[in-house]
Amino acid sequence: MTADDHAADIETVHDLIPRLPDPAALLAHCKALAVLDIILQRDYPQFRDHAFAPHWGDGVALASMDNGGGDLYAIAFGPEGTFLYGFDHECVATPWREEPRAHWPGLLDGLPAALAAYPAEDAFLFDGFFDATLCAWHAGGAAGWECGPVEFDEDETDGAWLFRLLADGSVEARAEAYAADAEDYLERAVDRAAVASVLAGEPLTAPVVAALSPSAGFAEVAAEVAALGFPVVEAR
């Protein structure tokens with residue numbers, strides 16, 4: 001499976017939610033993506049796309065992605081459940097399609113009361129409005145991911161592509177997809193085996209860091225990675 005093939009059929013939230021892993025596995029994967037960005041963008045932290053804050057709120061961890069081009073997502077993992085949203089500034093579901101801004105019909109319909117505070121969270125607002133084109137949630141005790149009753153024509157999308165690196169699939173397929181993306185902006189080869197090691201949640205080692213970023217100092221990388229709660233093998 002190539003990077004382009006991985007999750008290529010994810011057009012809307014309806015395609016996405018059957019492909020999302022359970023919240024625990026999703027959290028681990030989000031954390032791994034942040035670790036990879038820490039290593040590969042060691043010299044240019046301002047260009048990291050993925051971030052992970054293990055203590056973002058009271059018992060809440062936050063994973064986020066911002067590609068610097070106007071597209072982003074955030075996933076809040078809390079004791080009451082997990083809330084996910086994305087914003088694709090060019091898709092048909094953008095709130096900016098009309099004035100005043102308005103959500104795509106059904107976007108938040110059915111959101112459990114236990115998770116209802118997230119769309120009003122200051123960190124998720126832009127000029128006082130919850131800018132989102134896609135929302136999904138996994139309430140505590142729920143059997144799976146859910147979304148509102150949004151509807152799209154065949155050629156319409158809502159930004160589901162933003163989550164393609166989080167969709168199900170083998171570690172090898174995910175590693176290929178991530179590495180291919182990284183090679184595009186780094187303009188150099190990226191070691192697939194090292195990427196796969198991180199995505200598999202294996203304890204980070206000095207050889208893996210060196211394979212991904214030869215100029216990165218392991219001690220500094222290890223300290224930042226360990227602060228995220230990712231396992232690290234101390235260098236001897």
# chains A, B, ... in the order shown; residues from 1 in each chain; ligands from 1
>>> residues_around(residues="Ala223 of chain A", least_positions_apart="3", cutoff="12 Å", atoms="only C-alpha atoms", output="ChimeraX atom specification")
/A:35,38-39,204,217-220,226-235
>>> select_by_dssp(residues="segment 6-217 of chain A", states="alpha helix (DSSP H)", output="number ranges by chain")
A: 13-16, 23-40, 171-186, 192-199, 206-212
>>> atom_distance(atom1="atom CA of Asp71 of chain A", atom2="atom CA of His50 of chain A")
12.1 Å
>>> atom_distance(atom1="atom CA of Ala182 of chain A", atom2="atom CA of Phe163 of chain A")
15.5 Å
>>> closest_residue(among="A:Ala34, A:Leu115, A:Ala216, A:Ala76", to="Val195 of chain A", atoms="only C-alpha atoms")
A:Ala34
>>> residues_around(residues="Asp131 of chain A", least_positions_apart="3", cutoff="9 Å", atoms="only C-alpha atoms", output="ChimeraX atom specification")
/A:86-87,94-96,101-103,119,124-126
